[in-house]
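Worksheet for the structure shown next.
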Amino acid sequence: MPSLLQMNWDDRIFAVLVATAAALLVMAVGLTLLALFLRWRNDRVAGIWAALEARWEPILLDVLVEERPPEELQAAVGPGDSLRFLAFLLRFVRRLTGSEVDVVRDLARPHLDWLAREWDRGSAERRARAVQTLGMLGFDGNELVFLAALDDPSPLVSIVAAQALAEPDHPHHVVEVLQRLDRYQDWHPAFLSGMLADAGSGVTPLLRDYLADEEHDAWSRAVAAKALEQLRDPEAADVAAAVLGTNADPDLLVACLRIVGAVGERRHRAVLLPLLDFPHFPVRSHALKALRAVGDDADESVFLRALDDPSPWVALEAARGLRALGAGEILEDLALGGDERALTVRQVIAE
Amino acid sequence: MSGAGLAWIVVEGFNILVLFYFVSLNAVYLVTSAYAFVALRRYARRLKTVEVEDLIKTAGAVPITLVAPAFNEAVSCVEAIRALLTLRYPEYEIFFVNDGSTDDTLARMVEAFEMVPTPLAPTARLRTAPVRQVLRSRIHPNLWLIDKENGGKADAQNAGLNYCRTPLYGGLDADSLLEPEALTRVVRAFLEDARTVAAGGIIRVVNGCTVQSGQVTDVRLPHSLLARFQVLEYLRAFLSGRMGWDALDAPLIISGAFGVFRRSVAVEAGGYDSTTVGEDMELTIRIHKHCRKAGIPYGVRFVPDPVSWTEVPESLQILGRQRDRWQRGLIESLWRHRDMLLNPRYGRVGLVAFPYFFFLEMLGPIIEGMGYLAFGTTVLAGRATFAYVAAFFAVAVVLGVALSIASVVLEELSF
């Protein structure tokens with residue numbers, strides 16, 4: 001058989017085509033075997049899981065109601081099943097509260113040492129999983145792991161550590177989280193503020209200081225403001241009002257307006273009025289919402305004027321404001337029209 | 001040079017073009033499959049790390065409005081809406097848009113869900129055919145019905161978008177069956193990345209499966225061979241294609257059968273274009289364009305685990321009509337935004353994804369069709385041997401088979 005160099009061009013192309021087809025055939029067969037192997041492996045893993053859960057779950061339920069000693073469940077965990085057992089407990093602990101959580105954490109303790117030592121090995125997802133497991137099943141004694149994990153190169157690992165640290169039992173750790181807030185800018189602000197609020201009312205002084213500090217960027221301050229709103233911190237209203245008078249970032253303004261709307265008082269009314277003419281409609285809309293909470297009958301004309309705002313969101317809040325003031329007759333009259341404003345009013349009357 | 005000689009130069013030149021097309025197309029398939037492989041593995045690992053229930057528990061569920069446009073769906077509308085009402089998501093509204101149906105779709109909905117006229121002001125002003133009335137269910141307060149004059153699917157979706165009051169908007173087909181966890185899973189993309197403005201889930205074939213009370217209870221392959229081919233085609237299109245384009249950060253389409261958008265961005269971009277049959281792709285491209293032009297940091301995401309089940313055609317005639325519509329939608333969308341082609345202003349979307357769809361997907365049928373002709377002519381004229389043709393076909397077929405099997409591998413990896 002002639003070598004490739006001895007062939008003419010047509011034969012060379014033909015030989016390359018045949019070789020390529022053969023190589024692709026081998027690849028297709030290889031991929032088929034891989035698909036079959038993966039299916040077999042997935043079924044096997046699912047089978048192992050089902051068997052382990054069937055073995056552990058009834059014992060765990062009995063342990064939780066003190067019908068069996070914890071040692072019985074520990075005895076059912078094979079030597080190579082520690083990680084699977086932790087994964088099982090992790091899934092279970094989410095559904096539990098109070099003393100039952102402590103029981104599960106006690107059950108996990110003997111299996112956590114290795115994880116605490118090796119948490120920083122492997123892929124970002126593996127590290128994050130290790131930190132999450134430690135956070136939910138073995139926080140005590142592992143604080144240093146979480147503080148170190150906050151500075152992990154992966155933001156995923158860092159946020160999982162931040163979640164573990166932002167708990168009511170140890171509000172002082174939230175300082176560390178706040179210092180790194182700008183690392184989490186990819187995450188939805190609602191998630192971050194919810195995470196900070198999970199740390200409980202013990203962190204409100206920290207959050208107020210953070211919100212007031214102009215050194216921090218507007219995005220981070222808005223996250224802190226949203227957490228304060230969720231915690232319904234009455235002292236945050238003054239801080240928010242001060243920010244409203246000095247800042248122009250729409251997201252930060254909206255977050256502060258929500259605080260005033262939630263816990264503000266009549267004295268905060270003055271900072272709201274200039275914002276009713278702010279160029280961004282979410283600011284105007286939230287300013288009206290806040291005014292509804294802290295205003296009084298004297299604001300009727302403000303709400304009436306806002307009914308003609310070009311934004312339907314603002315008009316809707318204006319109508320709700322009038323309803324909150326008890327201006328039922330005015331609303332009934334406005335509802336008689338055939339325009340969009342009348343429809344908005346009819347909607348609010350029907351709400 | 002004689003006329004025959006010139007003709008042969010054209011035919012052989014075309015053969016080279018077809019060869020170039022073949023190599024380019026399959027190179028893109030290989031690259032997207034490779035990217036999809038890495039991205040799916042990472043996604044599967046991430047699912048175990050950050051539980052979406054934890055995310056929602058902490059962040060609260062971002063409210064979603066689902067818009068289901070319907071035209072003459074009297075037979076299936078009640079069951080489809082009942083299925084949507086069973087979704088496991090804390091805060092969502094359903095807007096069923098009756099797009100001027102001429103059957104008794106409206107009457108069935110009113111009767112089944114005790115719908116009564118309710119005042120509701122629009123929150124946006126996208127142009128649509130006139131809305132006759134808005135109704136709300138007495139028994140399901142999160143179910144609304146927008147009764148409007150006929151204007152087509154895109155027009156009906158715009159009507160829903162006009163009344164949407166939540167931060168997220170979900171577009172779907174009235175006959176789509178969403179898995180109960182679909183919203184929880186798709187919203188993950190918005191919580192984990194605040195830049196996300198649009199996210200689409202995977203569409204799977206429901207033919208052959210058992211459906212009870214609007215939910216798929218037993219997954220089986222369809223009986224018809226044509227539908228079976230489409231099962232593989234959908235797997236390849238979503239798990240290799242869209243997952244790969246997502247990993248390349250340049251997805252150009254969010255399927256109209258199930259896509260979730262940030263409402264404000266969809267409205268600012270102008271909503272659906274009712275003059276094209278490919279309104280889902282056109283909107284996705286326009287969102288890319290709008291965000292780039294406005295300097296909005298954004299992301300368009302494909303999420304592999306929120307599932308929407310759909311019925312695929314089992315006759316060649318219906319399949320042909322569907323593909324004709326898809327191809328026209330593709331051409332209209334790409335041609336309308338041809339200024340994005342190879343335009344560095346649009347980053348990877350303009351420089352990679354758009355050229356792929358433009359040259360390889362849009363012009364593909366023409367090049368392939370003429371390629372068969374040129375190839376046949378070459379063989380008949382004795383300019384290529386049968387063995388050569390057979391070898392070329394073997395490469396094409398085996399490569400196609402390998403890529404399809406690769407998508408089955410990806411399917412196994414995605415769990």
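Residues are referred to by chain and number: the chain letter is A, B, ... according to the order shown in the structure tokens, the number counts from 1 in that chain, and ligands are numbered separately from 1 in the order shown.
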key: Residue contacts of Val78 in chain B (9 Å, only C-alpha atoms) excluding same-chain residues fewer than 3 positions away, as JSON, numbers by chain   = {"B": [73, 74, 75, 81, 82, 83, 105, 108, 109, 112, 113]}
Show me, as a PyMOL selection string, the residues that have an atom within 10 Å of Gln230 in chain B when counting only C-alpha atoms, minus same-chain residues fewer than 2 positions from it. chain B and resi 204-205+222+225-228+232-237+312-314+319
Need to verify the contact set: Asp198 in chain A, 9 Å, only C-alpha atoms, exclusion of same-chain residues closer than 5 positions in sequence. Can you return it as a CSV table (one decimal) with N, CA, C and O atoms, in the first residue's frame?
chain,number,residue,atom,x,y,z
A,163,GLN,N,-22.8,33.5,54.3
A,163,GLN,CA,-24.1,33.0,54.7
A,163,GLN,C,-24.0,32.3,56.1
A,163,GLN,O,-24.9,32.5,57.0
A,166,ALA,N,-23.5,35.0,58.8
A,166,ALA,CA,-24.6,36.0,59.1
A,166,ALA,C,-25.7,35.3,59.8
A,166,ALA,O,-26.7,35.0,59.2
A,167,GLU,N,-25.5,35.0,61.0
A,167,GLU,CA,-26.5,34.3,61.8
A,167,GLU,C,-26.7,35.0,63.1
A,167,GLU,O,-25.8,35.7,63.6
A,168,PRO,N,-27.9,35.0,63.7
A,168,PRO,CA,-28.2,35.8,64.9
A,168,PRO,C,-27.3,35.4,66.1
A,168,PRO,O,-27.0,36.3,67.0
A,193,SER,N,-29.3,41.4,51.0
A,193,SER,CA,-30.0,42.0,52.1
A,193,SER,C,-30.7,41.0,53.0
A,193,SER,O,-30.7,41.1,54.2
A,227,ALA,N,-31.6,45.7,54.1
A,227,ALA,CA,-31.6,44.8,55.3
A,227,ALA,C,-32.2,45.5,56.5
A,227,ALA,O,-33.0,44.9,57.2
A,231,LEU,N,-35.5,44.4,58.7
A,231,LEU,CA,-35.4,44.3,60.1
A,231,LEU,C,-36.3,45.3,60.8
A,231,LEU,O,-36.5,45.2,62.0
B,58,THR,N,-33.9,33.0,51.6
B,58,THR,CA,-33.1,34.2,52.0
B,58,THR,C,-33.6,35.5,51.2
B,58,THR,O,-33.8,36.5,51.8
When you get a sec, could you note down which chain A residues fall within 7 Å of chain B, using only C-alpha atoms, as an MDAnalysis selection string? chainID A and resid 14 17:18 20:21 24:25 27:28 31:32 34:35 38:39 125 128:129 186:188 190:191 194:195 312:313 340 343:344 346:347
Could you write out that same residue set with N, CA, C and O atoms as a short mmCIF file (atom, residue, chain, number, x, y, z; two decimals), in the first residue's frame?
data_model
loop_
_atom_site.label_atom_id
_atom_site.label_comp_id
_atom_site.auth_asym_id
_atom_site.auth_seq_id
_atom_site.Cartn_x
_atom_site.Cartn_y
_atom_site.Cartn_z
N PHE A 14 -9.07 11.25 -0.43
CA PHE A 14 -9.89 10.07 -0.15
C PHE A 14 -9.40 9.36 1.11
O PHE A 14 -10.21 8.99 1.99
N LEU A 17 -10.38 11.28 4.14
CA LEU A 17 -11.82 11.14 4.42
C LEU A 17 -12.12 9.80 5.10
O LEU A 17 -12.86 9.75 6.09
N VAL A 18 -11.52 8.75 4.57
CA VAL A 18 -11.75 7.43 5.17
C VAL A 18 -11.22 7.39 6.60
O VAL A 18 -11.90 6.90 7.52
N THR A 20 -10.82 9.90 8.60
CA THR A 20 -11.67 10.75 9.45
C THR A 20 -12.95 10.01 9.82
O THR A 20 -13.38 10.03 10.98
N ALA A 21 -13.57 9.37 8.80
CA ALA A 21 -14.80 8.62 9.07
C ALA A 21 -14.54 7.54 10.11
O ALA A 21 -15.34 7.35 11.04
N LEU A 24 -14.08 9.14 13.51
CA LEU A 24 -15.37 9.59 14.04
C LEU A 24 -16.23 8.42 14.50
O LEU A 24 -16.95 8.51 15.50
N LEU A 25 -16.12 7.31 13.76
CA LEU A 25 -16.86 6.11 14.16
C LEU A 25 -16.39 5.63 15.52
O LEU A 25 -17.20 5.29 16.39
N MET A 27 -15.03 7.51 17.74
CA MET A 27 -15.51 8.50 18.71
C MET A 27 -16.98 8.25 19.05
O MET A 27 -17.38 8.31 20.22
N ALA A 28 -17.79 7.97 18.02
CA ALA A 28 -19.22 7.73 18.25
C ALA A 28 -19.42 6.51 19.13
O ALA A 28 -20.25 6.53 20.06
N LEU A 31 -18.42 7.47 22.62
CA LEU A 31 -19.45 8.30 23.27
C LEU A 31 -20.66 7.45 23.66
O LEU A 31 -21.27 7.67 24.72
N THR A 32 -20.99 6.47 22.80
CA THR A 32 -22.11 5.59 23.15
C THR A 32 -21.80 4.83 24.43
O THR A 32 -22.64 4.74 25.34
N LEU A 34 -19.74 5.76 26.71
CA LEU A 34 -19.74 6.73 27.81
C LEU A 34 -21.17 7.02 28.27
O LEU A 34 -21.45 7.08 29.49
N ALA A 35 -22.09 7.19 27.29
CA ALA A 35 -23.49 7.46 27.64
C ALA A 35 -24.06 6.30 28.44
O ALA A 35 -24.73 6.49 29.46
N LEU A 38 -22.52 6.32 31.91
CA LEU A 38 -23.08 7.38 32.76
C LEU A 38 -24.48 7.01 33.24
O LEU A 38 -24.83 7.26 34.39
N ARG A 39 -25.27 6.42 32.33
CA ARG A 39 -26.61 6.00 32.75
C ARG A 39 -26.51 4.95 33.85
O ARG A 39 -27.19 5.01 34.87
N GLU A 125 -16.68 24.59 43.57
CA GLU A 125 -17.96 24.04 44.01
C GLU A 125 -17.78 23.07 45.17
O GLU A 125 -18.58 23.04 46.10
N ALA A 128 -17.02 25.09 48.25
CA ALA A 128 -18.25 25.75 48.71
C ALA A 128 -19.15 24.75 49.41
O ALA A 128 -19.77 25.05 50.45
N ARG A 129 -19.23 23.55 48.86
CA ARG A 129 -20.06 22.51 49.47
C ARG A 129 -19.54 22.16 50.87
O ARG A 129 -20.31 21.99 51.81
N ASP A 186 -22.32 40.54 41.96
CA ASP A 186 -23.06 39.77 40.96
C ASP A 186 -24.40 39.28 41.50
O ASP A 186 -25.32 39.00 40.75
N TRP A 187 -24.48 39.10 42.81
CA TRP A 187 -25.67 38.49 43.39
C TRP A 187 -26.81 39.49 43.48
O TRP A 187 -26.59 40.68 43.56
N HIS A 188 -28.01 38.96 43.48
CA HIS A 188 -29.19 39.81 43.56
C HIS A 188 -29.19 40.54 44.91
O HIS A 188 -29.02 39.91 45.95
N ALA A 190 -31.52 41.52 46.73
CA ALA A 190 -32.50 40.97 47.67
C ALA A 190 -31.92 39.78 48.44
O ALA A 190 -32.20 39.58 49.62
N PHE A 191 -31.08 38.99 47.75
CA PHE A 191 -30.44 37.86 48.41
C PHE A 191 -29.47 38.36 49.47
O PHE A 191 -29.45 37.88 50.60
N GLY A 194 -31.28 39.98 52.37
CA GLY A 194 -31.92 38.93 53.16
C GLY A 194 -30.91 38.20 54.01
O GLY A 194 -31.17 37.88 55.17
N MET A 195 -29.72 37.98 53.44
CA MET A 195 -28.65 37.29 54.18
C MET A 195 -28.23 38.14 55.40
O MET A 195 -28.08 37.62 56.50
N PRO A 312 -47.42 55.18 35.02
CA PRO A 312 -48.59 54.53 35.63
C PRO A 312 -48.31 54.03 37.04
O PRO A 312 -49.22 53.94 37.87
N TRP A 313 -47.04 53.72 37.32
CA TRP A 313 -46.68 53.23 38.67
C TRP A 313 -46.88 54.35 39.69
O TRP A 313 -47.34 54.12 40.80
N GLU A 340 -57.26 56.71 31.28
CA GLU A 340 -56.41 55.76 31.98
C GLU A 340 -56.36 56.05 33.48
O GLU A 340 -56.30 55.15 34.31
N LEU A 343 -59.25 54.54 35.14
CA LEU A 343 -59.08 53.09 35.25
C LEU A 343 -58.17 52.75 36.44
O LEU A 343 -58.44 51.83 37.21
N THR A 344 -57.11 53.55 36.60
CA THR A 344 -56.20 53.35 37.73
C THR A 344 -56.97 53.51 39.04
O THR A 344 -56.81 52.71 39.98
N ARG A 346 -60.20 53.19 39.51
CA ARG A 346 -61.15 52.07 39.69
C ARG A 346 -60.42 50.82 40.20
O ARG A 346 -60.93 50.09 41.03
N GLN A 347 -59.20 50.63 39.67
CA GLN A 347 -58.41 49.48 40.13
C GLN A 347 -58.13 49.58 41.63
O GLN A 347 -58.30 48.61 42.38
#
Next item on the list: Rounded to one decimal place, report the CA of Arg242 in chain B-CA of Pro304 in chain B distance in Å.
Entry: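 CA of Arg242 in chain B sits 8.9 Å away from CA of Pro304 in chain B.
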request  = Using backbone DSSP assignments, extract all alpha helix (DSSP H) residues from range 30-133 of chain B; output them as a PyMOL selection string.
outcome  = chain B and resi 30-49+52-59+77-85+105-113
Write the residues of the preceding selection, restricted to N, CA and C atoms, as a short mmCIF file (atom, residue, chain, number, x, y, z; two decimals), in the first residue's frame.
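Saved the output as selection_23.cif:
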data_model
loop_
_atom_site.label_atom_id
_atom_site.label_comp_id
_atom_site.auth_asym_id
_atom_site.auth_seq_id
_atom_site.Cartn_x
_atom_site.Cartn_y
_atom_site.Cartn_z
N LEU B 30 -18.88 21.27 17.48
CA LEU B 30 -17.91 20.65 18.39
C LEU B 30 -17.52 21.60 19.52
N VAL B 31 -17.31 22.86 19.15
CA VAL B 31 -16.90 23.85 20.16
C VAL B 31 -18.02 24.06 21.17
N THR B 32 -19.26 24.26 20.68
CA THR B 32 -20.37 24.50 21.64
C THR B 32 -20.60 23.25 22.50
N SER B 33 -20.43 22.06 21.90
CA SER B 33 -20.61 20.84 22.71
C SER B 33 -19.55 20.76 23.80
N ALA B 34 -18.32 21.13 23.44
CA ALA B 34 -17.23 21.08 24.43
C ALA B 34 -17.50 22.08 25.56
N TYR B 35 -17.92 23.28 25.17
CA TYR B 35 -18.24 24.29 26.20
C TYR B 35 -19.42 23.83 27.06
N ALA B 36 -20.42 23.24 26.39
CA ALA B 36 -21.60 22.77 27.12
C ALA B 36 -21.21 21.69 28.12
N PHE B 37 -20.29 20.82 27.73
CA PHE B 37 -19.84 19.73 28.60
C PHE B 37 -19.28 20.30 29.91
N VAL B 38 -18.38 21.27 29.76
CA VAL B 38 -17.75 21.88 30.95
C VAL B 38 -18.82 22.63 31.77
N ALA B 39 -19.67 23.41 31.08
CA ALA B 39 -20.65 24.23 31.78
C ALA B 39 -21.69 23.36 32.52
N LEU B 40 -22.09 22.26 31.89
CA LEU B 40 -23.09 21.41 32.53
C LEU B 40 -22.54 20.73 33.78
N ARG B 41 -21.30 20.29 33.69
CA ARG B 41 -20.67 19.67 34.86
C ARG B 41 -20.60 20.67 36.01
N ARG B 42 -20.20 21.89 35.66
CA ARG B 42 -20.09 22.93 36.69
C ARG B 42 -21.48 23.23 37.27
N TYR B 43 -22.47 23.29 36.38
CA TYR B 43 -23.82 23.61 36.85
C TYR B 43 -24.35 22.52 37.79
N ALA B 44 -24.09 21.25 37.41
CA ALA B 44 -24.56 20.14 38.24
C ALA B 44 -23.91 20.20 39.63
N ARG B 45 -22.62 20.55 39.66
CA ARG B 45 -21.92 20.65 40.96
C ARG B 45 -22.47 21.83 41.76
N ARG B 46 -22.74 22.92 41.06
CA ARG B 46 -23.23 24.12 41.73
C ARG B 46 -24.62 23.89 42.34
N LEU B 47 -25.43 23.09 41.65
CA LEU B 47 -26.77 22.78 42.16
C LEU B 47 -26.68 22.16 43.56
N LYS B 48 -25.63 21.36 43.76
CA LYS B 48 -25.48 20.70 45.06
C LYS B 48 -24.98 21.67 46.11
N THR B 49 -24.30 22.74 45.67
CA THR B 49 -23.68 23.66 46.61
C THR B 49 -24.68 24.71 47.09
N VAL B 52 -31.48 26.04 45.63
CA VAL B 52 -32.31 27.17 45.23
C VAL B 52 -33.36 27.50 46.29
N GLU B 53 -33.79 26.49 47.05
CA GLU B 53 -34.75 26.76 48.12
C GLU B 53 -34.13 27.69 49.17
N ASP B 54 -32.81 27.49 49.43
CA ASP B 54 -32.12 28.38 50.38
C ASP B 54 -32.07 29.80 49.83
N LEU B 55 -31.79 29.88 48.52
CA LEU B 55 -31.72 31.21 47.89
C LEU B 55 -33.05 31.94 48.05
N ILE B 56 -34.13 31.23 47.75
CA ILE B 56 -35.45 31.86 47.80
C ILE B 56 -35.84 32.16 49.24
N LYS B 57 -35.45 31.28 50.15
CA LYS B 57 -35.76 31.51 51.57
C LYS B 57 -35.09 32.81 52.04
N THR B 58 -33.87 33.03 51.57
CA THR B 58 -33.14 34.22 52.00
C THR B 58 -33.60 35.47 51.24
N ALA B 59 -33.71 35.34 49.92
CA ALA B 59 -33.99 36.53 49.10
C ALA B 59 -35.47 36.82 48.97
N CYS B 77 -57.46 24.69 26.92
CA CYS B 77 -57.06 25.84 27.76
C CYS B 77 -57.30 25.61 29.25
N VAL B 78 -58.41 24.99 29.60
CA VAL B 78 -58.73 24.84 31.03
C VAL B 78 -57.71 23.92 31.70
N GLU B 79 -57.40 22.82 31.03
CA GLU B 79 -56.43 21.89 31.62
C GLU B 79 -55.04 22.53 31.72
N ALA B 80 -54.67 23.28 30.67
CA ALA B 80 -53.35 23.93 30.68
C ALA B 80 -53.25 24.93 31.83
N ILE B 81 -54.31 25.70 32.05
CA ILE B 81 -54.27 26.69 33.14
C ILE B 81 -54.29 26.00 34.50
N ARG B 82 -55.07 24.94 34.59
CA ARG B 82 -55.07 24.18 35.86
C ARG B 82 -53.65 23.71 36.19
N ALA B 83 -52.92 23.27 35.16
CA ALA B 83 -51.54 22.82 35.38
C ALA B 83 -50.67 23.99 35.85
N LEU B 84 -50.86 25.15 35.24
CA LEU B 84 -50.05 26.31 35.64
C LEU B 84 -50.36 26.72 37.09
N LEU B 85 -51.60 26.49 37.50
CA LEU B 85 -51.98 26.88 38.87
C LEU B 85 -51.34 25.97 39.92
N THR B 105 -63.29 29.50 23.67
CA THR B 105 -62.19 29.58 24.65
C THR B 105 -62.58 30.49 25.83
N LEU B 106 -63.08 31.67 25.50
CA LEU B 106 -63.42 32.65 26.54
C LEU B 106 -64.49 32.08 27.48
N ALA B 107 -65.55 31.53 26.89
CA ALA B 107 -66.65 31.02 27.71
C ALA B 107 -66.17 29.90 28.63
N ARG B 108 -65.33 29.04 28.11
CA ARG B 108 -64.83 27.92 28.94
C ARG B 108 -64.02 28.42 30.12
N MET B 109 -63.16 29.41 29.84
CA MET B 109 -62.32 29.96 30.91
C MET B 109 -63.19 30.64 31.97
N VAL B 110 -64.15 31.44 31.50
CA VAL B 110 -65.02 32.17 32.44
C VAL B 110 -65.78 31.19 33.33
N GLU B 111 -66.26 30.12 32.70
CA GLU B 111 -67.05 29.16 33.46
C GLU B 111 -66.18 28.35 34.43
N ALA B 112 -65.05 27.89 33.93
CA ALA B 112 -64.22 27.01 34.76
C ALA B 112 -63.59 27.74 35.95
N PHE B 113 -63.23 28.98 35.76
CA PHE B 113 -62.49 29.69 36.82
C PHE B 113 -63.27 30.86 37.42
#
Point to revise | Residue contacts of range 317-333 of chain A (7 Å, only C-alpha atoms) excluding same-chain residues fewer than 3 positions away, as a VMD selection string | key: chain A and resid 285 288 to 289 292 296 to 297 300 303 to 304 306 to 307 313 to 314 336 345 348
